[in-house]
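Remarks on the structure that follows.
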Amino acid sequence: MAPKTNHPVLGARALNRATLDRQLLLRRSPQGVVEAVEHLVGLQAQNTKPPYYALAARLEGFRPEQLSALMESRAVARIVTMRSTVHTHTADDAVALRRLVQPGAIDRELALFVSRGGLDGVDLDRLAATARALVEERPRTPKQLREELLPLWPDADPQSLSVAARCLLPLVQVTPRGLWGRGGQVALTTTGQWFDDPSLTDGTSDAPADLDRTVLRYLGAFGPASVKDMQTWCGLTKLGPAFERLRPRLLVFQDERGTELFDLPDAPRPDEDTPAPPRFLPEFDNLLLSHADRTRVVPADLRGRTWTGNQAHRVFLLDGFLGGIWHLDEGKDRTTLTIEPFVPVSRAQRASLAAEAERTLRLMTPSDIPYEIVHGR
């Protein structure tokens with residue numbers, strides 16, 4: 001298809017290298033954990049270990065204990081934000097981004113449960129007030145929350161009650177949930193209660209979220225990108241006006257299909273032939289979830305290969321693009337990392353993959369447990 005505009009064209013490899021650079025995947029960054037979490041605008045944390053593996057792939061000198069310590073000190077936390085999924089955010093972002101994305105996927109999730117009839121007869125304002133009092137008295141698990149709410153609405157669907165509370169309130173998953181090597185059940189309290197900081201709103205403020213600043217941050221972490229790309233990332237719709245407001249401050253490119261791509265003028269856009277080392281990424285990594293058009297990382301012929309049902313696989317990058325998936329078998333006596341490529345792998349690539357896999361295992365596996373690397377095909 002002929003380009004629709006006259007903006008400079010960025011091909012898939014150029015977009016790939018630019019995005020990898022923003023994602024700290026072209027070369028590991030020396031910056032600290034808090035700075036990286038803030039720069040990346042959060043880490044997908046649908047499971048507990050992915051944030052640790054995401055940082056291991058991106059930061060020099062990262063140790064899992066660093067992120068755990070920040071979670072215990074409440075400098076970062078796990079909370080539902082973009083796409084109505086759990087992310088690890090800094091304290092400031094946990095509050096501000098939750099407020100920003102509330103009208104998108106989170107409200108749509110609540111509306112879905114309402115439409116299914118599980119909340120018939122439930123006064124949502126009363127539910128929110130009751131749930132807030134409960135979780136601020138002490139953190140509650142979803143099961144405990146359901147048990148407390150159900151007597152008030154005995155005809156409601158129990159799961160719908162706890163989901164509605166999570167959608168209506170900015171609820172943090174308190175530690176030890178998500179700590180490296182420890183973990184625990186999901187237990188919830190509000191951001192206001194958890195952070196205990198008068199400078200942080202608990203999500204009930206009427207102050208408008210800074211959408212324009214978030215657009216700029218998104219481009220800094222995921223650009224160059226289209227309006228639809230950002231909408232895919234955050235779960236909001238109708239973001240075109242924000243991009244139009246910012247257009248005078250941005251550079252505008254187009255992809256090979258003519259879609260407009262916006263970018264920060266001073267953001268890195270490396271040459272498309274810049275070497276991209278192998279990287280092992282966790283399931284649900286935001287690199288693969290934050291664009292409407294994912295061909296900058298996932299070639300069209302590999303679309304759908306990173307998922308089975310609704311479960312994402314761990315993936316590895318080869319020359320910057322999806323190269324295959326990897327499996328981790330963490331037994332009591334041995335840890336095995338199996339590499340399953342989707343594409344032909346040269347001898348040199350095989351060696352570099354093995355070196356990156358060994359680095360990952362040395363970093364993330366207890367020192368007293370031996371490990372091995374197995375190459376598929």
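Note on naming: chains are A, B, ... as they come in the structure tokens, residues start from 1 per chain, ligands start from 1 in the order shown.
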Please, which residues of region 57-273 of chain A, numbered as in this document, come out helix (DSSP H, G or I) from DSSP, as a CSV table (one decimal) with N, CA, C and O atoms, in the first residue's frame?
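Output below, filename part-v3.csv:
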chain,number,residue,atom,x,y,z
A,64,PRO,N,17.9,-9.4,42.2
A,64,PRO,CA,16.5,-9.5,42.6
A,64,PRO,C,16.2,-8.9,43.9
A,64,PRO,O,15.1,-8.3,44.1
A,65,GLU,N,17.1,-8.9,44.8
A,65,GLU,CA,16.9,-8.4,46.2
A,65,GLU,C,16.7,-6.9,46.2
A,65,GLU,O,16.0,-6.3,47.1
A,66,GLN,N,17.2,-6.2,45.1
A,66,GLN,CA,17.0,-4.8,45.1
A,66,GLN,C,15.6,-4.4,44.9
A,66,GLN,O,15.1,-3.5,45.5
A,67,LEU,N,14.9,-5.1,44.0
A,67,LEU,CA,13.5,-4.8,43.7
A,67,LEU,C,12.6,-5.2,45.0
A,67,LEU,O,11.7,-4.5,45.4
A,68,SER,N,13.0,-6.3,45.6
A,68,SER,CA,12.2,-6.7,46.8
A,68,SER,C,12.4,-5.7,47.9
A,68,SER,O,11.4,-5.4,48.6
A,69,ALA,N,13.6,-5.1,48.1
A,69,ALA,CA,13.8,-4.1,49.1
A,69,ALA,C,12.9,-2.9,48.8
A,69,ALA,O,12.4,-2.3,49.8
A,70,LEU,N,12.8,-2.5,47.6
A,70,LEU,CA,12.0,-1.3,47.2
A,70,LEU,C,10.6,-1.6,47.4
A,70,LEU,O,9.8,-0.7,47.8
A,71,MET,N,10.1,-2.8,47.2
A,71,MET,CA,8.7,-3.2,47.5
A,71,MET,C,8.4,-3.1,49.0
A,71,MET,O,7.4,-2.6,49.4
A,72,GLU,N,9.4,-3.6,49.8
A,72,GLU,CA,9.2,-3.6,51.2
A,72,GLU,C,9.2,-2.2,51.8
A,72,GLU,O,8.5,-1.9,52.8
A,82,MET,N,-2.6,-0.2,33.6
A,82,MET,CA,-2.8,-0.3,32.2
A,82,MET,C,-3.4,-1.6,31.8
A,82,MET,O,-3.1,-2.7,32.3
A,83,ARG,N,-4.4,-1.5,30.9
A,83,ARG,CA,-5.1,-2.6,30.3
A,83,ARG,C,-5.8,-3.4,31.4
A,83,ARG,O,-6.1,-4.6,31.3
A,84,SER,N,-6.0,-2.8,32.6
A,84,SER,CA,-6.7,-3.4,33.7
A,84,SER,C,-5.9,-4.7,34.2
A,84,SER,O,-6.5,-5.7,34.6
A,91,ALA,N,5.8,4.6,43.6
A,91,ALA,CA,4.6,5.1,44.4
A,91,ALA,C,3.9,6.2,43.7
A,91,ALA,O,2.6,6.2,43.6
A,92,ASP,N,4.6,7.1,43.1
A,92,ASP,CA,3.9,8.2,42.4
A,92,ASP,C,3.1,7.7,41.2
A,92,ASP,O,2.0,8.1,41.0
A,93,ASP,N,3.7,6.8,40.4
A,93,ASP,CA,3.0,6.3,39.2
A,93,ASP,C,1.8,5.4,39.6
A,93,ASP,O,0.8,5.4,38.9
A,94,ALA,N,2.0,4.7,40.7
A,94,ALA,CA,0.9,3.8,41.1
A,94,ALA,C,-0.4,4.6,41.4
A,94,ALA,O,-1.5,4.2,41.1
A,95,VAL,N,-0.2,5.8,41.9
A,95,VAL,CA,-1.4,6.7,42.1
A,95,VAL,C,-1.8,7.4,40.8
A,95,VAL,O,-2.9,7.3,40.4
A,96,ALA,N,-0.9,8.1,40.2
A,96,ALA,CA,-1.2,9.0,39.0
A,96,ALA,C,-1.7,8.2,37.8
A,96,ALA,O,-2.7,8.5,37.2
A,97,LEU,N,-1.0,7.1,37.5
A,97,LEU,CA,-1.4,6.3,36.3
A,97,LEU,C,-2.7,5.5,36.6
A,97,LEU,O,-3.5,5.4,35.7
A,98,ARG,N,-2.9,5.1,37.8
A,98,ARG,CA,-4.2,4.4,38.1
A,98,ARG,C,-5.3,5.4,37.8
A,98,ARG,O,-6.3,5.0,37.2
A,99,ARG,N,-5.2,6.6,38.3
A,99,ARG,CA,-6.2,7.6,38.1
A,99,ARG,C,-6.4,7.9,36.6
A,99,ARG,O,-7.5,8.1,36.1
A,100,LEU,N,-5.3,8.0,35.9
A,100,LEU,CA,-5.4,8.3,34.4
A,100,LEU,C,-6.1,7.2,33.7
A,100,LEU,O,-7.0,7.5,32.8
A,101,VAL,N,-5.8,5.9,33.9
A,101,VAL,CA,-6.4,4.9,33.1
A,101,VAL,C,-7.7,4.3,33.6
A,101,VAL,O,-8.3,3.5,32.9
A,102,GLN,N,-8.2,4.8,34.7
A,102,GLN,CA,-9.4,4.4,35.3
A,102,GLN,C,-10.6,4.4,34.3
A,102,GLN,O,-11.4,3.4,34.2
A,103,PRO,N,-10.8,5.5,33.5
A,103,PRO,CA,-11.9,5.5,32.6
A,103,PRO,C,-11.8,4.5,31.4
A,103,PRO,O,-12.7,4.4,30.6
A,104,GLY,N,-10.7,3.8,31.3
A,104,GLY,CA,-10.5,2.9,30.1
A,104,GLY,C,-10.8,1.5,30.5
A,104,GLY,O,-12.0,1.2,30.8
A,105,ALA,N,-9.8,0.6,30.4
A,105,ALA,CA,-10.1,-0.8,30.6
A,105,ALA,C,-10.6,-1.2,31.9
A,105,ALA,O,-11.4,-2.1,32.1
A,106,ILE,N,-10.3,-0.4,33.0
A,106,ILE,CA,-10.7,-0.7,34.3
A,106,ILE,C,-12.2,-0.5,34.4
A,106,ILE,O,-13.0,-1.4,34.9
A,107,ASP,N,-12.7,0.6,34.0
A,107,ASP,CA,-14.2,0.9,34.0
A,107,ASP,C,-14.9,-0.1,33.0
A,107,ASP,O,-16.0,-0.5,33.3
A,108,ARG,N,-14.3,-0.4,31.9
A,108,ARG,CA,-14.9,-1.4,31.0
A,108,ARG,C,-15.0,-2.8,31.6
A,108,ARG,O,-16.0,-3.5,31.4
A,109,GLU,N,-14.0,-3.2,32.4
A,109,GLU,CA,-14.1,-4.5,33.1
A,109,GLU,C,-15.2,-4.4,34.1
A,109,GLU,O,-16.0,-5.4,34.2
A,110,LEU,N,-15.4,-3.4,34.9
A,110,LEU,CA,-16.5,-3.2,35.8
A,110,LEU,C,-17.8,-3.3,35.1
A,110,LEU,O,-18.7,-4.0,35.5
A,111,ALA,N,-17.9,-2.6,34.0
A,111,ALA,CA,-19.2,-2.6,33.2
A,111,ALA,C,-19.5,-4.0,32.7
A,111,ALA,O,-20.7,-4.4,32.6
A,112,LEU,N,-18.5,-4.8,32.3
A,112,LEU,CA,-18.7,-6.1,31.9
A,112,LEU,C,-19.3,-7.0,33.0
A,112,LEU,O,-20.3,-7.7,32.7
A,113,PHE,N,-18.8,-6.9,34.2
A,113,PHE,CA,-19.4,-7.6,35.3
A,113,PHE,C,-20.8,-7.2,35.6
A,113,PHE,O,-21.7,-8.0,36.0
A,114,VAL,N,-21.1,-5.9,35.5
A,114,VAL,CA,-22.4,-5.4,35.7
A,114,VAL,C,-23.4,-6.0,34.7
A,114,VAL,O,-24.5,-6.4,35.0
A,115,SER,N,-22.9,-6.0,33.4
A,115,SER,CA,-23.8,-6.4,32.3
A,115,SER,C,-24.1,-7.9,32.4
A,115,SER,O,-25.1,-8.4,31.9
A,124,LEU,N,-23.1,0.5,43.9
A,124,LEU,CA,-21.6,0.5,43.8
A,124,LEU,C,-21.0,1.5,44.7
A,124,LEU,O,-19.8,1.3,45.1
A,125,ASP,N,-21.6,2.6,44.9
A,125,ASP,CA,-21.0,3.6,45.8
A,125,ASP,C,-20.9,3.0,47.3
A,125,ASP,O,-19.9,3.2,47.9
A,126,ARG,N,-21.9,2.4,47.7
A,126,ARG,CA,-21.9,1.7,49.0
A,126,ARG,C,-20.9,0.6,49.0
A,126,ARG,O,-20.1,0.5,50.0
A,127,LEU,N,-20.8,-0.2,48.0
A,127,LEU,CA,-19.8,-1.2,47.9
A,127,LEU,C,-18.4,-0.6,48.0
A,127,LEU,O,-17.5,-1.1,48.8
A,128,ALA,N,-18.1,0.4,47.3
A,128,ALA,CA,-16.8,1.1,47.3
A,128,ALA,C,-16.5,1.6,48.7
A,128,ALA,O,-15.3,1.4,49.2
A,129,ALA,N,-17.4,2.2,49.4
A,129,ALA,CA,-17.2,2.8,50.7
A,129,ALA,C,-17.0,1.6,51.7
A,129,ALA,O,-16.1,1.7,52.6
A,130,THR,N,-17.7,0.6,51.6
A,130,THR,CA,-17.6,-0.5,52.5
A,130,THR,C,-16.3,-1.2,52.3
A,130,THR,O,-15.6,-1.6,53.3
A,131,ALA,N,-15.9,-1.5,51.1
A,131,ALA,CA,-14.7,-2.2,50.8
A,131,ALA,C,-13.5,-1.3,51.2
A,131,ALA,O,-12.5,-1.9,51.8
A,132,ARG,N,-13.6,0.0,51.0
A,132,ARG,CA,-12.5,0.9,51.5
A,132,ARG,C,-12.3,0.7,53.0
A,132,ARG,O,-11.1,0.6,53.4
A,133,ALA,N,-13.3,0.8,53.7
A,133,ALA,CA,-13.2,0.7,55.2
A,133,ALA,C,-12.6,-0.6,55.6
A,133,ALA,O,-11.8,-0.7,56.5
A,134,LEU,N,-13.0,-1.7,54.9
A,134,LEU,CA,-12.4,-3.0,55.2
A,134,LEU,C,-10.9,-3.1,55.0
A,134,LEU,O,-10.2,-3.6,55.8
A,135,VAL,N,-10.5,-2.7,53.8
A,135,VAL,CA,-9.1,-2.9,53.4
A,135,VAL,C,-8.2,-1.9,54.1
A,135,VAL,O,-7.0,-2.1,54.2
A,136,GLU,N,-8.8,-0.8,54.5
A,136,GLU,CA,-8.0,0.2,55.3
A,136,GLU,C,-7.9,-0.2,56.7
A,136,GLU,O,-6.9,0.3,57.4
A,137,GLU,N,-8.8,-0.9,57.2
A,137,GLU,CA,-8.7,-1.5,58.6
A,137,GLU,C,-7.5,-2.4,58.7
A,137,GLU,O,-6.7,-2.3,59.6
A,142,PRO,N,-8.8,-11.2,48.4
A,142,PRO,CA,-10.0,-11.2,47.7
A,142,PRO,C,-11.1,-12.1,48.3
A,142,PRO,O,-12.3,-11.7,48.3
A,143,LYS,N,-10.7,-13.2,48.8
A,143,LYS,CA,-11.6,-14.2,49.4
A,143,LYS,C,-12.2,-13.5,50.7
A,143,LYS,O,-13.4,-13.6,50.9
A,144,GLN,N,-11.4,-12.9,51.5
A,144,GLN,CA,-11.9,-12.3,52.7
A,144,GLN,C,-12.8,-11.1,52.4
A,144,GLN,O,-13.8,-10.9,53.1
A,145,LEU,N,-12.4,-10.4,51.3
A,145,LEU,CA,-13.3,-9.3,50.9
A,145,LEU,C,-14.7,-9.8,50.5
A,145,LEU,O,-15.7,-9.2,50.9
A,146,ARG,N,-14.7,-10.9,49.7
A,146,ARG,CA,-15.9,-11.4,49.3
A,146,ARG,C,-16.8,-11.9,50.5
A,146,ARG,O,-18.0,-11.6,50.5
A,147,GLU,N,-16.1,-12.5,51.4
A,147,GLU,CA,-16.9,-13.0,52.6
A,147,GLU,C,-17.5,-11.9,53.4
A,147,GLU,O,-18.5,-12.0,54.1
A,148,GLU,N,-16.8,-10.7,53.5
A,148,GLU,CA,-17.3,-9.6,54.2
A,148,GLU,C,-18.4,-8.9,53.4
A,148,GLU,O,-19.4,-8.3,54.0
A,149,LEU,N,-18.4,-8.9,52.1
A,149,LEU,CA,-19.3,-8.1,51.3
A,149,LEU,C,-20.6,-8.9,51.0
A,149,LEU,O,-21.7,-8.4,50.9
A,158,PRO,N,-20.3,-13.7,44.1
A,158,PRO,CA,-19.2,-13.4,45.0
A,158,PRO,C,-18.0,-12.8,44.3
A,158,PRO,O,-17.4,-11.8,44.8
A,159,GLN,N,-17.6,-13.4,43.2
A,159,GLN,CA,-16.4,-13.0,42.5
A,159,GLN,C,-16.6,-11.6,42.0
A,159,GLN,O,-15.7,-10.7,42.0
A,160,SER,N,-17.8,-11.3,41.5
A,160,SER,CA,-18.1,-10.0,41.0
A,160,SER,C,-18.0,-8.9,42.0
A,160,SER,O,-17.6,-7.8,41.7
A,161,LEU,N,-18.3,-9.2,43.3
A,161,LEU,CA,-18.2,-8.2,44.4
A,161,LEU,C,-16.7,-7.8,44.6
A,161,LEU,O,-16.4,-6.6,44.7
A,162,SER,N,-15.8,-8.8,44.6
A,162,SER,CA,-14.4,-8.5,44.8
A,162,SER,C,-13.8,-7.8,43.6
A,162,SER,O,-12.9,-6.9,43.7
A,163,VAL,N,-14.2,-8.2,42.4
A,163,VAL,CA,-13.7,-7.6,41.2
A,163,VAL,C,-14.2,-6.1,41.1
A,163,VAL,O,-13.4,-5.2,40.8
A,164,ALA,N,-15.4,-5.9,41.5
A,164,ALA,CA,-15.9,-4.5,41.5
A,164,ALA,C,-15.2,-3.7,42.5
A,164,ALA,O,-14.8,-2.5,42.2
A,165,ALA,N,-14.8,-4.2,43.7
A,165,ALA,CA,-14.0,-3.5,44.6
A,165,ALA,C,-12.7,-3.1,44.1
A,165,ALA,O,-12.2,-2.0,44.2
A,166,ARG,N,-12.1,-4.0,43.4
A,166,ARG,CA,-10.7,-3.8,42.8
A,166,ARG,C,-10.8,-2.7,41.7
A,166,ARG,O,-9.9,-1.9,41.5
A,167,CYS,N,-12.0,-2.7,40.9
A,167,CYS,CA,-12.1,-1.7,39.9
A,167,CYS,C,-12.5,-0.4,40.4
A,167,CYS,O,-12.1,0.7,39.8
A,168,LEU,N,-13.2,-0.3,41.5
A,168,LEU,CA,-13.7,1.0,42.0
A,168,LEU,C,-12.6,1.7,42.9
A,168,LEU,O,-12.7,2.9,43.0
A,191,THR,N,-4.1,2.7,48.0
A,191,THR,CA,-2.8,3.4,47.8
A,191,THR,C,-2.6,4.4,48.9
A,191,THR,O,-1.5,4.6,49.5
A,192,GLY,N,-3.7,5.1,49.3
A,192,GLY,CA,-3.6,6.1,50.4
A,192,GLY,C,-3.1,5.5,51.7
A,192,GLY,O,-2.3,6.1,52.4
A,193,GLN,N,-3.6,4.3,52.0
A,193,GLN,CA,-3.2,3.6,53.2
A,193,GLN,C,-1.8,3.0,53.1
A,193,GLN,O,-1.0,3.1,54.1
A,194,TRP,N,-1.5,2.5,52.0
A,194,TRP,CA,-0.2,1.8,51.9
A,194,TRP,C,1.0,2.8,51.8
A,194,TRP,O,2.0,2.6,52.5
A,195,PHE,N,0.9,3.8,51.1
A,195,PHE,CA,2.0,4.8,51.0
A,195,PHE,C,2.0,5.7,52.1
A,195,PHE,O,3.1,6.3,52.4
A,211,LEU,N,-2.4,13.9,31.1
A,211,LEU,CA,-2.4,13.0,30.0
A,211,LEU,C,-1.2,13.4,29.0
A,211,LEU,O,-0.5,12.5,28.5
A,212,ASP,N,-1.0,14.6,28.8
A,212,ASP,CA,0.0,15.0,27.8
A,212,ASP,C,1.4,14.6,28.3
A,212,ASP,O,2.2,14.1,27.5
A,213,ARG,N,1.7,14.7,29.5
A,213,ARG,CA,3.0,14.2,30.1
A,213,ARG,C,3.1,12.7,29.9
A,213,ARG,O,4.2,12.2,29.6
A,214,THR,N,2.0,12.0,30.1
A,214,THR,CA,2.1,10.6,29.9
A,214,THR,C,2.3,10.2,28.5
A,214,THR,O,3.0,9.2,28.2
A,215,VAL,N,1.7,10.9,27.5
A,215,VAL,CA,2.0,10.6,26.1
A,215,VAL,C,3.5,10.8,25.9
A,215,VAL,O,4.1,9.9,25.2
A,216,LEU,N,4.1,11.8,26.4
A,216,LEU,CA,5.6,12.0,26.2
A,216,LEU,C,6.4,10.9,26.9
A,216,LEU,O,7.4,10.4,26.3
A,217,ARG,N,5.9,10.5,28.1
A,217,ARG,CA,6.6,9.4,28.7
A,217,ARG,C,6.5,8.1,27.9
A,217,ARG,O,7.4,7.3,27.8
A,218,TYR,N,5.3,7.8,27.4
A,218,TYR,CA,5.1,6.6,26.6
A,218,TYR,C,6.0,6.6,25.4
A,218,TYR,O,6.7,5.6,25.1
A,219,LEU,N,6.1,7.8,24.7
A,219,LEU,CA,7.0,7.8,23.5
A,219,LEU,C,8.4,7.6,24.0
A,219,LEU,O,9.2,7.0,23.2
A,220,GLY,N,8.8,8.1,25.1
A,220,GLY,CA,10.2,8.0,25.6
A,220,GLY,C,10.5,6.5,25.9
A,220,GLY,O,11.7,6.1,25.8
A,221,ALA,N,9.5,5.7,26.2
A,221,ALA,CA,9.8,4.3,26.5
A,221,ALA,C,9.4,3.3,25.4
A,221,ALA,O,10.0,2.2,25.4
A,222,PHE,N,8.5,3.7,24.5
A,222,PHE,CA,8.0,2.8,23.5
A,222,PHE,C,8.0,3.4,22.1
A,222,PHE,O,7.6,2.7,21.2
A,227,VAL,N,-1.0,6.7,17.6
A,227,VAL,CA,-2.1,6.9,18.6
A,227,VAL,C,-2.6,5.6,19.0
A,227,VAL,O,-2.8,5.3,20.2
A,228,LYS,N,-2.9,4.7,18.0
A,228,LYS,CA,-3.4,3.4,18.4
A,228,LYS,C,-2.5,2.6,19.2
A,228,LYS,O,-2.9,1.8,20.1
A,229,ASP,N,-1.2,2.8,19.0
A,229,ASP,CA,-0.2,2.1,19.8
A,229,ASP,C,-0.3,2.4,21.3
A,229,ASP,O,-0.4,1.6,22.1
A,230,MET,N,-0.4,3.7,21.5
A,230,MET,CA,-0.5,4.1,22.9
A,230,MET,C,-1.9,3.7,23.5
A,230,MET,O,-1.9,3.3,24.7
A,231,GLN,N,-2.9,3.7,22.8
A,231,GLN,CA,-4.2,3.3,23.2
A,231,GLN,C,-4.1,1.8,23.6
A,231,GLN,O,-4.8,1.4,24.6
A,232,THR,N,-3.4,1.0,22.8
A,232,THR,CA,-3.2,-0.4,23.1
A,232,THR,C,-2.5,-0.6,24.4
A,232,THR,O,-2.8,-1.4,25.3
A,233,TRP,N,-1.5,0.3,24.6
A,233,TRP,CA,-0.6,0.2,25.9
A,233,TRP,C,-1.4,0.5,27.1
A,233,TRP,O,-1.3,-0.2,28.1
A,234,CYS,N,-2.2,1.5,27.1
A,234,CYS,CA,-2.8,2.0,28.3
A,234,CYS,C,-4.3,1.6,28.5
A,234,CYS,O,-4.8,1.7,29.6
A,240,GLY,N,-6.4,10.8,20.2
A,240,GLY,CA,-5.9,11.6,19.1
A,240,GLY,C,-5.8,13.1,19.5
A,240,GLY,O,-4.8,13.7,19.1
A,241,PRO,N,-6.7,13.7,20.2
A,241,PRO,CA,-6.6,15.1,20.5
A,241,PRO,C,-5.3,15.4,21.3
A,241,PRO,O,-4.7,16.5,21.2
A,242,ALA,N,-4.9,14.5,22.2
A,242,ALA,CA,-3.7,14.8,23.0
A,242,ALA,C,-2.5,14.8,22.1
A,242,ALA,O,-1.6,15.6,22.2
A,243,PHE,N,-2.4,13.9,21.1
A,243,PHE,CA,-1.3,13.9,20.2
A,243,PHE,C,-1.3,15.1,19.3
A,243,PHE,O,-0.3,15.7,19.0
A,244,GLU,N,-2.5,15.6,19.0
A,244,GLU,CA,-2.6,16.8,18.1
A,244,GLU,C,-2.1,18.0,18.9
A,244,GLU,O,-1.5,18.9,18.4
A,245,ARG,N,-2.4,18.1,20.2
A,245,ARG,CA,-1.9,19.2,21.1
A,245,ARG,C,-0.4,19.2,21.1
A,245,ARG,O,0.2,20.2,21.1
A,246,LEU,N,0.1,18.0,21.1
A,246,LEU,CA,1.6,17.8,21.2
A,246,LEU,C,2.3,17.9,19.9
A,246,LEU,O,3.6,17.9,19.9
A,247,ARG,N,1.6,17.8,18.8
A,247,ARG,CA,2.2,17.7,17.5
A,247,ARG,C,3.3,18.7,17.2
A,247,ARG,O,4.4,18.4,16.7
A,248,PRO,N,3.1,20.0,17.6
A,248,PRO,CA,4.2,21.0,17.4
A,248,PRO,C,5.5,20.7,18.1
A,248,PRO,O,6.6,21.2,17.7
A,249,ARG,N,5.4,19.8,19.2
A,249,ARG,CA,6.6,19.5,20.0
A,249,ARG,C,7.2,18.2,19.6
A,249,ARG,O,8.3,17.8,20.1
Find the spatial neighbours of region 266-276 of chain A, counting only C-alpha atoms, within a cut-off of 9 Å - ignore same-chain residues fewer than 2 positions away - and output them as a VMD selection string.
chain A and resid 11 to 22 25 to 27 219 to 220 223 to 224 263 to 264 278 to 279 317 to 321
Could you write out that same residue set with N, CA, C and O atoms as a short mmCIF file (atom, residue, chain, number, x, y, z; two decimals), in the first residue's frame?
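Final file, result-v9.cif:
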data_model
loop_
_atom_site.label_atom_id
_atom_site.label_comp_id
_atom_site.auth_asym_id
_atom_site.auth_seq_id
_atom_site.Cartn_x
_atom_site.Cartn_y
_atom_site.Cartn_z
N GLY A 11 11.16 1.83 8.65
CA GLY A 11 10.86 0.42 8.45
C GLY A 11 10.88 -0.35 9.76
O GLY A 11 11.18 0.18 10.83
N ALA A 12 10.57 -1.64 9.65
CA ALA A 12 10.46 -2.47 10.85
C ALA A 12 11.76 -2.53 11.63
O ALA A 12 11.77 -2.47 12.86
N ARG A 13 12.90 -2.64 10.94
CA ARG A 13 14.18 -2.72 11.65
C ARG A 13 14.51 -1.40 12.35
O ARG A 13 15.04 -1.39 13.47
N ALA A 14 14.21 -0.28 11.71
CA ALA A 14 14.46 1.01 12.34
C ALA A 14 13.58 1.17 13.59
O ALA A 14 14.05 1.65 14.64
N LEU A 15 12.32 0.79 13.49
CA LEU A 15 11.44 0.85 14.65
C LEU A 15 11.91 -0.11 15.74
O LEU A 15 11.85 0.21 16.93
N ASN A 16 12.38 -1.26 15.33
CA ASN A 16 12.87 -2.24 16.29
C ASN A 16 14.02 -1.68 17.11
O ASN A 16 14.02 -1.73 18.34
N ARG A 17 15.01 -1.13 16.42
CA ARG A 17 16.19 -0.64 17.13
C ARG A 17 15.84 0.56 18.02
O ARG A 17 16.35 0.68 19.14
N ALA A 18 14.96 1.43 17.54
CA ALA A 18 14.56 2.57 18.37
C ALA A 18 13.85 2.10 19.63
O ALA A 18 14.14 2.57 20.74
N THR A 19 12.93 1.15 19.47
CA THR A 19 12.16 0.66 20.62
C THR A 19 13.05 -0.09 21.60
O THR A 19 12.93 0.07 22.82
N LEU A 20 13.96 -0.92 21.08
CA LEU A 20 14.87 -1.64 21.97
C LEU A 20 15.73 -0.67 22.78
O LEU A 20 15.99 -0.91 23.97
N ASP A 21 16.16 0.41 22.13
CA ASP A 21 16.97 1.39 22.85
C ASP A 21 16.16 2.02 23.98
O ASP A 21 16.64 2.14 25.11
N ARG A 22 14.92 2.42 23.70
CA ARG A 22 14.07 3.02 24.74
C ARG A 22 13.79 2.02 25.87
O ARG A 22 13.65 2.40 27.03
N LEU A 25 17.07 -2.44 26.09
CA LEU A 25 17.36 -3.79 25.63
C LEU A 25 18.43 -3.83 24.55
O LEU A 25 18.89 -4.92 24.18
N LEU A 26 18.83 -2.68 24.05
CA LEU A 26 19.90 -2.65 23.06
C LEU A 26 21.25 -2.75 23.75
O LEU A 26 22.20 -3.32 23.24
N ARG A 27 21.31 -2.16 24.93
CA ARG A 27 22.47 -2.28 25.81
C ARG A 27 21.94 -2.12 27.24
O ARG A 27 20.99 -1.38 27.46
N LEU A 219 6.10 7.75 24.70
CA LEU A 219 6.99 7.83 23.54
C LEU A 219 8.44 7.64 23.96
O LEU A 219 9.23 7.00 23.24
N GLY A 220 8.82 8.14 25.12
CA GLY A 220 10.18 7.96 25.59
C GLY A 220 10.53 6.52 25.88
O GLY A 220 11.70 6.13 25.81
N GLY A 223 8.36 4.64 21.93
CA GLY A 223 8.28 5.26 20.62
C GLY A 223 9.37 4.81 19.66
O GLY A 223 10.29 4.07 20.05
N PRO A 224 9.25 5.27 18.41
CA PRO A 224 8.15 6.04 17.81
C PRO A 224 6.87 5.21 17.78
O PRO A 224 6.92 4.00 17.60
N ASP A 263 7.15 10.97 17.76
CA ASP A 263 8.32 10.70 18.57
C ASP A 263 8.87 11.99 19.17
O ASP A 263 8.60 13.10 18.69
N LEU A 264 9.64 11.81 20.24
CA LEU A 264 10.31 12.93 20.87
C LEU A 264 11.50 13.35 20.01
O LEU A 264 12.24 12.50 19.52
N PRO A 278 21.16 -10.92 22.12
CA PRO A 278 20.03 -11.73 22.59
C PRO A 278 19.57 -11.26 23.97
O PRO A 278 20.37 -10.79 24.78
N ARG A 279 18.28 -11.37 24.20
CA ARG A 279 17.72 -11.04 25.51
C ARG A 279 16.63 -12.05 25.84
O ARG A 279 15.81 -12.39 24.98
N LEU A 317 14.81 -12.71 22.34
CA LEU A 317 15.04 -11.89 21.15
C LEU A 317 16.33 -12.33 20.48
O LEU A 317 17.34 -12.60 21.14
N LEU A 318 16.29 -12.40 19.16
CA LEU A 318 17.45 -12.74 18.36
C LEU A 318 17.53 -11.69 17.26
O LEU A 318 16.56 -11.50 16.52
N ASP A 319 18.64 -10.99 17.19
CA ASP A 319 18.78 -9.85 16.27
C ASP A 319 17.64 -8.85 16.49
O ASP A 319 17.14 -8.24 15.56
N GLY A 320 17.23 -8.72 17.74
CA GLY A 320 16.23 -7.71 18.09
C GLY A 320 14.79 -8.15 17.95
O GLY A 320 13.89 -7.50 18.50
N PHE A 321 14.52 -9.21 17.24
CA PHE A 321 13.16 -9.67 16.98
C PHE A 321 12.88 -10.97 17.73
O PHE A 321 13.81 -11.65 18.20
#
Show me, as number ranges by chain, the residues that have an atom within 12 Å of Leu55 (chain A) when counting only C-alpha atoms, minus same-chain residues fewer than 5 positions from it.
A: 23-25, 28-37, 39-40, 42-45, 49-50, 60-67, 88, 279-282, 285-286, 360, 363-364
Within 10 Å of Asp155 (chain A), counting only C-alpha atoms, which residues qualify if same-chain residues fewer than 2 places away don't, as an NGL selection string?
:A and (118-122 or 150-153 or 157-158)
